[in-house]
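Colleague: Pasting data.txt below, which is compact mmCIF, C-alpha atoms.
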# COMPACT_ATOMS: atom_id res chain seq x y z
CA MET A 275 -21.97 -7.29 -0.75
CA ARG A 276 -18.66 -7.16 -2.63
CA ALA A 277 -16.00 -9.64 -1.55
CA PRO A 278 -12.98 -8.14 0.23
CA THR A 279 -10.18 -7.03 -2.09
CA THR A 280 -7.19 -9.36 -2.00
CA SER A 281 -3.57 -8.33 -1.71
CA ALA A 282 -2.93 -9.94 -5.10
CA GLU A 283 -5.49 -7.61 -6.73
CA TRP A 284 -3.68 -4.59 -5.33
CA ARG A 285 -0.18 -5.72 -6.21
CA SER A 286 -1.15 -6.57 -9.77
CA HIS A 287 -2.62 -3.11 -10.38
CA ALA A 288 -0.65 -1.01 -12.86
CA HIS A 289 -0.11 1.89 -10.43
CA TYR A 290 0.83 -0.12 -7.33
CA ALA A 291 4.59 -0.15 -7.92
CA ARG A 292 4.75 3.08 -9.91
CA VAL A 293 3.98 5.74 -7.32
CA PRO A 294 6.89 8.00 -6.27
CA GLU A 295 9.21 6.97 -3.46
CA LEU A 296 8.82 8.74 -0.12
CA ASP A 297 12.05 10.66 0.55
CA LEU A 298 12.89 10.89 4.26
CA THR A 299 15.96 13.08 3.75
CA PRO A 300 14.34 16.44 4.65
CA TYR A 301 12.95 15.28 7.98
CA ARG A 302 14.47 15.48 11.44
CA ARG A 303 11.59 13.86 13.33
CA LEU A 304 8.85 11.31 12.65
CA VAL A 305 5.59 11.42 14.59
CA VAL A 306 3.26 8.47 14.00
CA VAL A 307 -0.39 8.74 15.04
CA SER A 308 -2.20 5.46 15.72
CA ALA A 309 -5.92 5.20 16.38
CA HIS A 310 -5.58 1.74 17.95
CA PRO A 311 -2.73 -0.53 18.98
CA ASP A 312 -1.64 -2.35 15.79
CA ASP A 313 -2.47 0.48 13.33
CA GLU A 314 1.11 1.74 13.67
CA SER A 315 2.59 -1.69 12.90
CA LEU A 316 0.23 -2.49 10.03
CA GLY A 317 0.23 0.85 8.25
CA ALA A 318 3.59 2.38 9.14
CA GLY A 319 5.74 -0.27 10.79
CA GLY A 320 8.25 -0.20 7.98
CA LEU A 321 8.40 3.59 8.08
CA ILE A 322 9.06 3.54 11.83
CA ALA A 323 11.81 0.95 11.47
CA THR A 324 13.39 2.77 8.53
CA ALA A 325 13.40 6.14 10.31
CA PHE A 326 14.94 4.59 13.41
CA THR A 327 17.68 2.92 11.38
CA ARG A 328 18.47 6.25 9.71
CA GLY A 329 18.79 8.03 13.04
CA ILE A 330 15.53 10.00 12.75
CA PRO A 331 13.90 10.33 16.20
CA VAL A 332 10.51 8.61 16.28
CA TYR A 333 7.53 9.47 18.49
CA VAL A 334 4.26 7.54 18.54
CA VAL A 335 0.91 8.96 19.65
CA LEU A 336 -1.77 6.39 20.46
CA LEU A 337 -5.34 7.67 20.62
CA THR A 338 -7.24 4.68 22.07
CA ALA A 339 -6.34 1.43 23.80
CA GLY A 340 -8.44 -0.61 21.38
CA GLU A 341 -10.55 -1.81 24.28
CA ALA A 342 -13.65 -2.37 22.12
CA SER A 343 -12.09 -4.76 19.61
CA GLN A 344 -13.65 -7.69 21.47
CA SER A 345 -16.80 -7.95 23.54
CA PRO A 346 -16.69 -9.03 27.20
CA SER A 347 -18.34 -12.30 26.16
CA GLU A 348 -15.21 -13.14 24.18
CA GLY A 349 -13.08 -13.49 27.27
CA TYR A 350 -11.89 -10.00 28.25
CA THR A 351 -13.27 -7.08 30.18
CA ARG A 352 -12.59 -3.74 28.50
CA HIS A 353 -10.02 -2.86 31.14
CA ALA A 354 -8.20 -6.17 30.74
CA LEU A 355 -8.20 -5.89 26.96
CA ALA A 356 -6.93 -2.30 27.12
CA THR A 357 -4.08 -3.36 29.42
CA LEU A 358 -3.20 -6.26 27.16
CA ARG A 359 -3.27 -4.23 23.95
CA LEU A 360 -1.15 -1.43 25.40
CA ALA A 361 1.46 -4.01 26.42
CA GLU A 362 1.33 -5.52 22.93
CA MET A 363 1.94 -2.13 21.39
CA GLU A 364 4.93 -1.45 23.62
CA ASN A 365 6.37 -4.80 22.57
CA ALA A 366 5.72 -3.99 18.91
CA LEU A 367 7.49 -0.65 19.16
CA ALA A 368 10.47 -2.36 20.79
CA ARG A 369 10.79 -4.42 17.60
CA LEU A 370 10.49 -1.39 15.33
CA ALA A 371 12.34 1.36 17.18
CA PRO A 372 13.60 0.55 20.68
CA ASP A 373 12.99 3.20 23.36
CA THR A 374 10.56 5.12 21.15
CA PRO A 375 8.44 7.46 23.30
CA LEU A 376 4.76 6.46 23.34
CA VAL A 377 2.16 9.10 24.20
CA PHE A 378 -1.29 7.71 25.05
CA LEU A 379 -4.18 10.17 24.77
CA GLY A 380 -6.87 7.89 26.22
CA ALA A 381 -9.69 8.56 23.76
CA PRO A 382 -12.52 6.00 23.80
CA ASP A 383 -12.28 3.17 21.30
CA GLY A 384 -14.98 3.83 18.73
CA GLY A 385 -15.41 7.43 19.88
CA VAL A 386 -12.45 9.39 18.53
CA ALA A 387 -14.79 11.56 16.44
CA ASP A 388 -16.60 12.61 19.61
CA CYS A 389 -13.39 14.13 21.02
CA GLU A 390 -11.75 15.11 17.74
CA SER A 391 -11.19 18.73 18.74
CA GLN A 392 -9.38 17.67 21.93
CA VAL A 393 -7.26 15.21 19.95
CA THR A 394 -6.41 17.93 17.45
CA HIS A 395 -5.40 20.29 20.25
CA SER A 396 -3.23 17.64 21.92
CA LEU A 397 -1.51 16.73 18.66
CA THR A 398 -0.88 20.39 17.84
CA GLU A 399 0.74 20.93 21.24
CA LEU A 400 2.83 17.79 20.89
CA LEU A 401 4.10 18.80 17.45
CA GLY A 402 5.05 22.35 18.36
CA GLU A 403 7.04 24.05 15.61
CA ALA A 404 7.37 21.18 13.18
CA SER A 405 8.68 22.39 9.83
CA ALA A 406 11.15 19.47 9.63
CA THR A 407 8.70 16.88 11.02
CA LEU A 408 6.96 14.13 9.09
CA VAL A 409 3.60 13.08 10.55
CA ALA A 410 2.14 9.71 9.56
CA ALA A 411 -1.49 9.12 10.51
CA PRO A 412 -4.42 6.93 9.46
CA TRP A 413 -6.00 8.01 6.19
CA ARG A 414 -9.01 10.31 6.55
CA ARG A 415 -10.97 8.15 4.07
CA ASP A 416 -9.94 4.75 5.41
CA GLY A 417 -13.52 3.76 6.24
CA HIS A 418 -13.16 3.17 9.99
CA PRO A 419 -14.64 6.09 12.00
CA ASP A 420 -11.71 6.21 14.43
CA HIS A 421 -9.17 6.10 11.61
CA ASP A 422 -10.98 8.82 9.70
CA ALA A 423 -11.21 11.07 12.76
CA ALA A 424 -7.55 10.43 13.63
CA GLY A 425 -6.57 11.43 10.11
CA ARG A 426 -8.59 14.63 10.23
CA ALA A 427 -7.12 15.58 13.60
CA ALA A 428 -3.58 14.87 12.42
CA ALA A 429 -4.14 16.87 9.24
CA ALA A 430 -5.34 19.90 11.20
CA ALA A 431 -2.46 19.61 13.67
CA ALA A 432 0.13 19.21 10.91
CA GLU A 433 -1.20 22.26 9.10
CA ALA A 434 -1.12 24.35 12.27
CA SER A 435 2.41 23.19 13.13
CA GLY A 436 3.99 23.36 9.71
CA ALA A 437 4.61 19.60 9.56
CA THR A 438 4.39 17.41 6.47
CA LEU A 439 1.61 14.84 6.57
CA VAL A 440 1.33 11.41 5.01
CA GLU A 441 -1.65 9.14 5.69
CA TYR A 442 -1.60 5.36 5.76
CA PRO A 443 -4.62 3.26 4.77
CA VAL A 444 -5.45 0.20 6.87
CA TRP A 445 -9.04 -0.91 6.26
CA PHE A 446 -9.06 0.47 2.73
CA TRP A 447 -6.76 -2.27 1.46
CA SER A 448 -9.42 -4.90 2.22
CA GLU A 449 -12.60 -2.88 1.85
CA GLY A 450 -11.63 -0.53 -0.99
CA ASP A 451 -10.90 -1.10 -4.63
CA PRO A 452 -7.77 -0.31 -6.68
CA SER A 453 -9.89 1.60 -9.20
CA THR A 454 -10.90 4.12 -6.50
CA ALA A 455 -7.47 4.59 -4.89
CA PRO A 456 -5.99 8.11 -5.03
CA TRP A 457 -2.92 6.94 -6.97
CA GLU A 458 -2.04 10.47 -8.08
CA ASP A 459 -1.62 11.48 -4.42
CA MET A 460 0.25 8.40 -3.22
CA VAL A 461 3.88 7.74 -2.38
CA CYS A 462 5.49 4.52 -1.25
CA LEU A 463 8.38 3.46 0.93
CA THR A 464 10.40 0.49 -0.28
CA LEU A 465 11.37 -1.53 2.77
CA SER A 466 14.79 -3.01 3.35
CA SER A 467 14.86 -6.66 4.42
CA ASP A 468 15.58 -5.54 8.00
CA ALA A 469 12.65 -3.11 8.02
CA HIS A 470 10.39 -5.75 6.49
CA ASP A 471 11.39 -8.28 9.16
CA ALA A 472 10.95 -5.74 11.96
CA LYS A 473 7.47 -4.92 10.73
CA ALA A 474 6.51 -8.60 10.59
CA ALA A 475 7.81 -9.10 14.13
CA ALA A 476 5.87 -6.06 15.35
CA ILE A 477 2.63 -7.31 13.83
CA ARG A 478 3.09 -10.66 15.57
CA CYS A 479 3.28 -8.80 18.89
CA HIS A 480 -0.42 -7.89 18.54
CA ALA A 481 -1.37 -11.46 19.41
CA SER A 482 -4.82 -10.60 20.79
CA GLN A 483 -5.86 -9.57 17.28
CA LEU A 484 -4.34 -12.56 15.49
CA GLY A 485 -5.94 -15.50 17.27
CA PRO A 486 -9.57 -16.63 17.60
CA ARG A 487 -11.39 -13.93 19.54
CA SER A 488 -13.47 -16.23 21.73
CA GLY A 489 -10.85 -18.93 22.22
CA ARG A 490 -12.80 -21.34 19.98
CA PRO A 491 -10.86 -22.89 17.08
CA ASP A 492 -13.65 -21.98 14.65
CA ALA A 493 -13.85 -18.32 15.73
CA ARG A 494 -12.48 -15.66 13.39
CA PRO A 495 -9.57 -13.46 14.50
CA THR A 496 -9.83 -9.69 14.25
CA LEU A 497 -6.97 -9.75 11.74
CA PRO A 498 -7.38 -12.86 9.58
CA GLY A 499 -4.73 -13.98 7.13
CA ARG A 500 -6.40 -12.32 4.14
CA VAL A 501 -6.10 -8.97 5.93
CA LEU A 502 -2.55 -9.52 7.13
CA ALA A 503 -1.50 -10.34 3.57
CA HIS A 504 -1.95 -6.68 2.66
CA PHE A 505 0.83 -5.76 5.10
CA SER A 506 3.37 -8.43 4.22
CA GLY A 507 4.83 -6.88 1.07
CA ALA A 508 8.01 -4.94 0.42
CA HIS A 509 6.28 -1.54 0.15
CA GLU A 510 4.22 0.73 2.34
CA HIS A 511 1.89 3.16 0.59
CA PHE A 512 0.82 6.55 1.91
CA VAL A 513 -1.59 9.22 0.74
CA ALA A 514 0.45 12.40 0.53
CA THR A 515 -1.95 15.01 -0.77
CA ARG A 516 -0.13 17.84 0.95
CA VAL A 517 3.44 16.58 0.94
CA GLU A 518 5.80 19.47 0.30
CA ILE A 519 9.52 18.79 0.43
CA PRO A 520 11.25 21.62 2.34
CA ASP A 521 13.71 23.63 0.27
CA PRO A 522 16.96 24.02 2.28
CA LEU A 523 17.97 27.07 0.21
CA ALA A 524 14.70 28.81 0.91
CA ALA A 525 15.09 28.07 4.62
CA THR A 526 18.45 29.80 4.73
CA GLY A 527 17.28 32.80 2.76
Just give me the structure of the file as structure tokens.
Modeller:
Amino acid sequence: MRAPTTSAEWRSHAHYARVPELDLTPYRRLVVVSAHPDDESLGAGGLIATAFTRGIPVYVVLLTAGEASQSPSEGYTRHALATLRLAEMENALARLAPDTPLVFLGAPDGGVADCESQVTHSLTELLGEASATLVAAPWRRDGHPDHDAAGRAAAAAAEASGATLVEYPVWFWSEGDPSTAPWEDMVCLTLSSDAHDAKAAAIRCHASQLGPRSGRPDARPTLPGRVLAHFSGAHEHFVATRVEIPDPLAATG
């Protein structure tokens, strides 16, 4: 089995800092889709904080409560873990964009693909007419089944609503390889120091994923330091295969 890819390997790759910058100017709303509590902070925390600072209304749609991230033998029932992780996410959003509306769809952790059509329908209804909306969702090829299904649902909803879609990798940074990244389809957001700090604070709010899962000092956290290192830099990268910048002149005829 190949060793996990380190953040240093990614940041030293020739294309890492050369992808185009994501321009938020055309957008009047940001909708962030998160498969689990913490995906939004890891993959798009800087984007959320940046949009909020620029006065762009932010909405977050959470698909699952992440209740399966630990087994009951590790100290939590599923209900208790769901309650804890939802509270952690609310605290994280307060660091990124205070008073941001959070919509919870209640899909089962590990089973988003089984209700993908319902998720797609819900996202499409939530978006409405969305020609000036940017949707950020987990990447459809991230490698986690919930992330992949969330990305597919968001892509279908964005297409139906006329929104622009960008997709954020999470697992891929550790499990993928720079040589297989879709660099030609990627954009990045350079984070201000304030956005960077807000993202770091939001990630720390997901404490259940940062400490030893069973309470033993030798137990591994869900998000060990080598994983967190991928989300500590000054850039966030997104796959933007279908990004089309609206033309204001075309809109006015």
Colleague: Could you tell me how far CA of Leu316 in chain A sits from CA of Tyr350 in chain A, in Å to one decimal place?
Modeller: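 Going from CA of Tyr350 in chain A over to CA of Leu316 in chain A, I get 23.1 Å.
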Colleague: Interatomic distance between CA of Ala455 in chain A and CA of Ala410 in chain A?
Modeller: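 Pair CA of Ala455 in chain A / CA of Ala410 in chain A returns 18.1 Å.
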Colleague: Please identify all polymer residues within 8 Å of range 291-300 of chain A, counting all atoms listed in the file, omitting same-chain residues fewer than 5 positions from it, and present them as a PyMOL selection string.
Modeller: chain A and resi 285+325+406+457-458+460-464+519-520
Colleague: Could those residues be written to a file, using C-alpha atoms, as a short mmCIF file (atom, residue, chain, number, x, y, z; two decimals), keeping the file's coordinate frame?
Modeller:
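out32.cif written:
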data_model
loop_
_atom_site.label_atom_id
_atom_site.label_comp_id
_atom_site.auth_asym_id
_atom_site.auth_seq_id
_atom_site.Cartn_x
_atom_site.Cartn_y
_atom_site.Cartn_z
CA ARG A 285 -0.18 -5.72 -6.21
CA ALA A 325 13.40 6.14 10.31
CA ALA A 406 11.15 19.47 9.63
CA TRP A 457 -2.92 6.94 -6.97
CA GLU A 458 -2.04 10.47 -8.08
CA MET A 460 0.25 8.40 -3.22
CA VAL A 461 3.88 7.74 -2.38
CA CYS A 462 5.49 4.52 -1.25
CA LEU A 463 8.38 3.46 0.93
CA THR A 464 10.40 0.49 -0.28
CA ILE A 519 9.52 18.79 0.43
CA PRO A 520 11.25 21.62 2.34
#
Colleague: My list of candidates is A:Pro498, A:Pro412, A:Gly385, A:Pro375. Which is closest to Pro331 in chain A when distances are computed with only C-alpha atoms?
Modeller: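 Nearest candidate to Pro331 in chain A out of A:Pro498, A:Pro412, A:Gly385, A:Pro375: A:Pro375.
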Colleague: Between A:Thr357, A:Ser453, A:Ala469, A:Gly402, which residue has the minimum interatomic distance to Ser286 in chain A, considering only C-alpha atoms?
Modeller: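 Ranked by minimum distance to Ser286 in chain A, first place goes to A:Ser453.
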Colleague: Give the answer as one residue: which of A:Ala514, A:Ala430, A:Ala503, A:Val335 has the shortest atom-to-atom distance to Ala282 in chain A, using all atoms listed in the file?
Modeller: A:Ala503
Colleague: To one decimal place in Å, what is the distance between CA of Asp459 in chain A and CA of Val306 in chain A?
Modeller: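 Separation of CA of Asp459 in chain A and CA of Val306 in chain A: 19.3 Å.
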Colleague: Rank nothing, just name the residue among A:Leu304, A:His353, A:Gly436, A:Leu400 nearest to Thr374 in chain A, using only C-alpha atoms.
Modeller: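 Residue with the minimum atom-to-atom distance to Thr374 in chain A: A:Leu304.
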Colleague: Residues near Leu465 in chain A, anyone? I mean within 9 Å using only C-alpha atoms, not counting same-chain ones fewer than 3 positions away, as a PyMOL selection string.
Modeller: chain A and resi 320-321+324+468-470+507-510
Colleague: Return the single residue from A:Ile322, A:Ala476, A:Ala342, A:Ala368 that is closest to Val409 in chain A, with distances computed using only C-alpha atoms.
Modeller: A:Ile322
Colleague: Fix up range 311-325 of chain A with N, CA and C atoms, then write it as a short mmCIF file (atom, residue, chain, number, x, y, z; two decimals), in the coordinates of the input.
Modeller:
data_model
loop_
_atom_site.label_atom_id
_atom_site.label_comp_id
_atom_site.auth_asym_id
_atom_site.auth_seq_id
_atom_site.Cartn_x
_atom_site.Cartn_y
_atom_site.Cartn_z
N PRO A 311 -3.93 0.31 19.03
CA PRO A 311 -2.73 -0.53 18.98
C PRO A 311 -2.83 -1.49 17.80
N ASP A 312 -1.85 -1.54 17.00
CA ASP A 312 -1.64 -2.35 15.79
C ASP A 312 -1.72 -1.52 14.51
N ASP A 313 -2.43 -0.37 14.53
CA ASP A 313 -2.47 0.48 13.33
C ASP A 313 -1.06 0.91 12.93
N GLU A 314 -0.25 1.25 13.94
CA GLU A 314 1.11 1.74 13.67
C GLU A 314 1.96 0.66 13.02
N SER A 315 1.79 -0.59 13.46
CA SER A 315 2.59 -1.69 12.90
C SER A 315 2.11 -2.06 11.50
N LEU A 316 0.80 -2.11 11.31
CA LEU A 316 0.23 -2.49 10.03
C LEU A 316 0.51 -1.43 8.96
N GLY A 317 0.17 -0.19 9.27
CA GLY A 317 0.23 0.85 8.25
C GLY A 317 1.56 1.55 8.11
N ALA A 318 2.35 1.59 9.18
CA ALA A 318 3.59 2.38 9.14
C ALA A 318 4.75 1.71 9.86
N GLY A 319 4.66 0.41 10.10
CA GLY A 319 5.74 -0.27 10.79
C GLY A 319 7.07 -0.18 10.07
N GLY A 320 7.02 -0.32 8.75
CA GLY A 320 8.25 -0.20 7.98
C GLY A 320 8.82 1.19 8.01
N LEU A 321 7.95 2.20 7.99
CA LEU A 321 8.40 3.59 8.08
C LEU A 321 9.08 3.85 9.42
N ILE A 322 8.48 3.35 10.50
CA ILE A 322 9.06 3.54 11.83
C ILE A 322 10.44 2.90 11.89
N ALA A 323 10.54 1.66 11.42
CA ALA A 323 11.81 0.95 11.47
C ALA A 323 12.87 1.63 10.60
N THR A 324 12.45 2.11 9.44
CA THR A 324 13.39 2.77 8.53
C THR A 324 13.90 4.07 9.13
N ALA A 325 12.99 4.87 9.69
CA ALA A 325 13.40 6.14 10.31
C ALA A 325 14.36 5.88 11.46
#
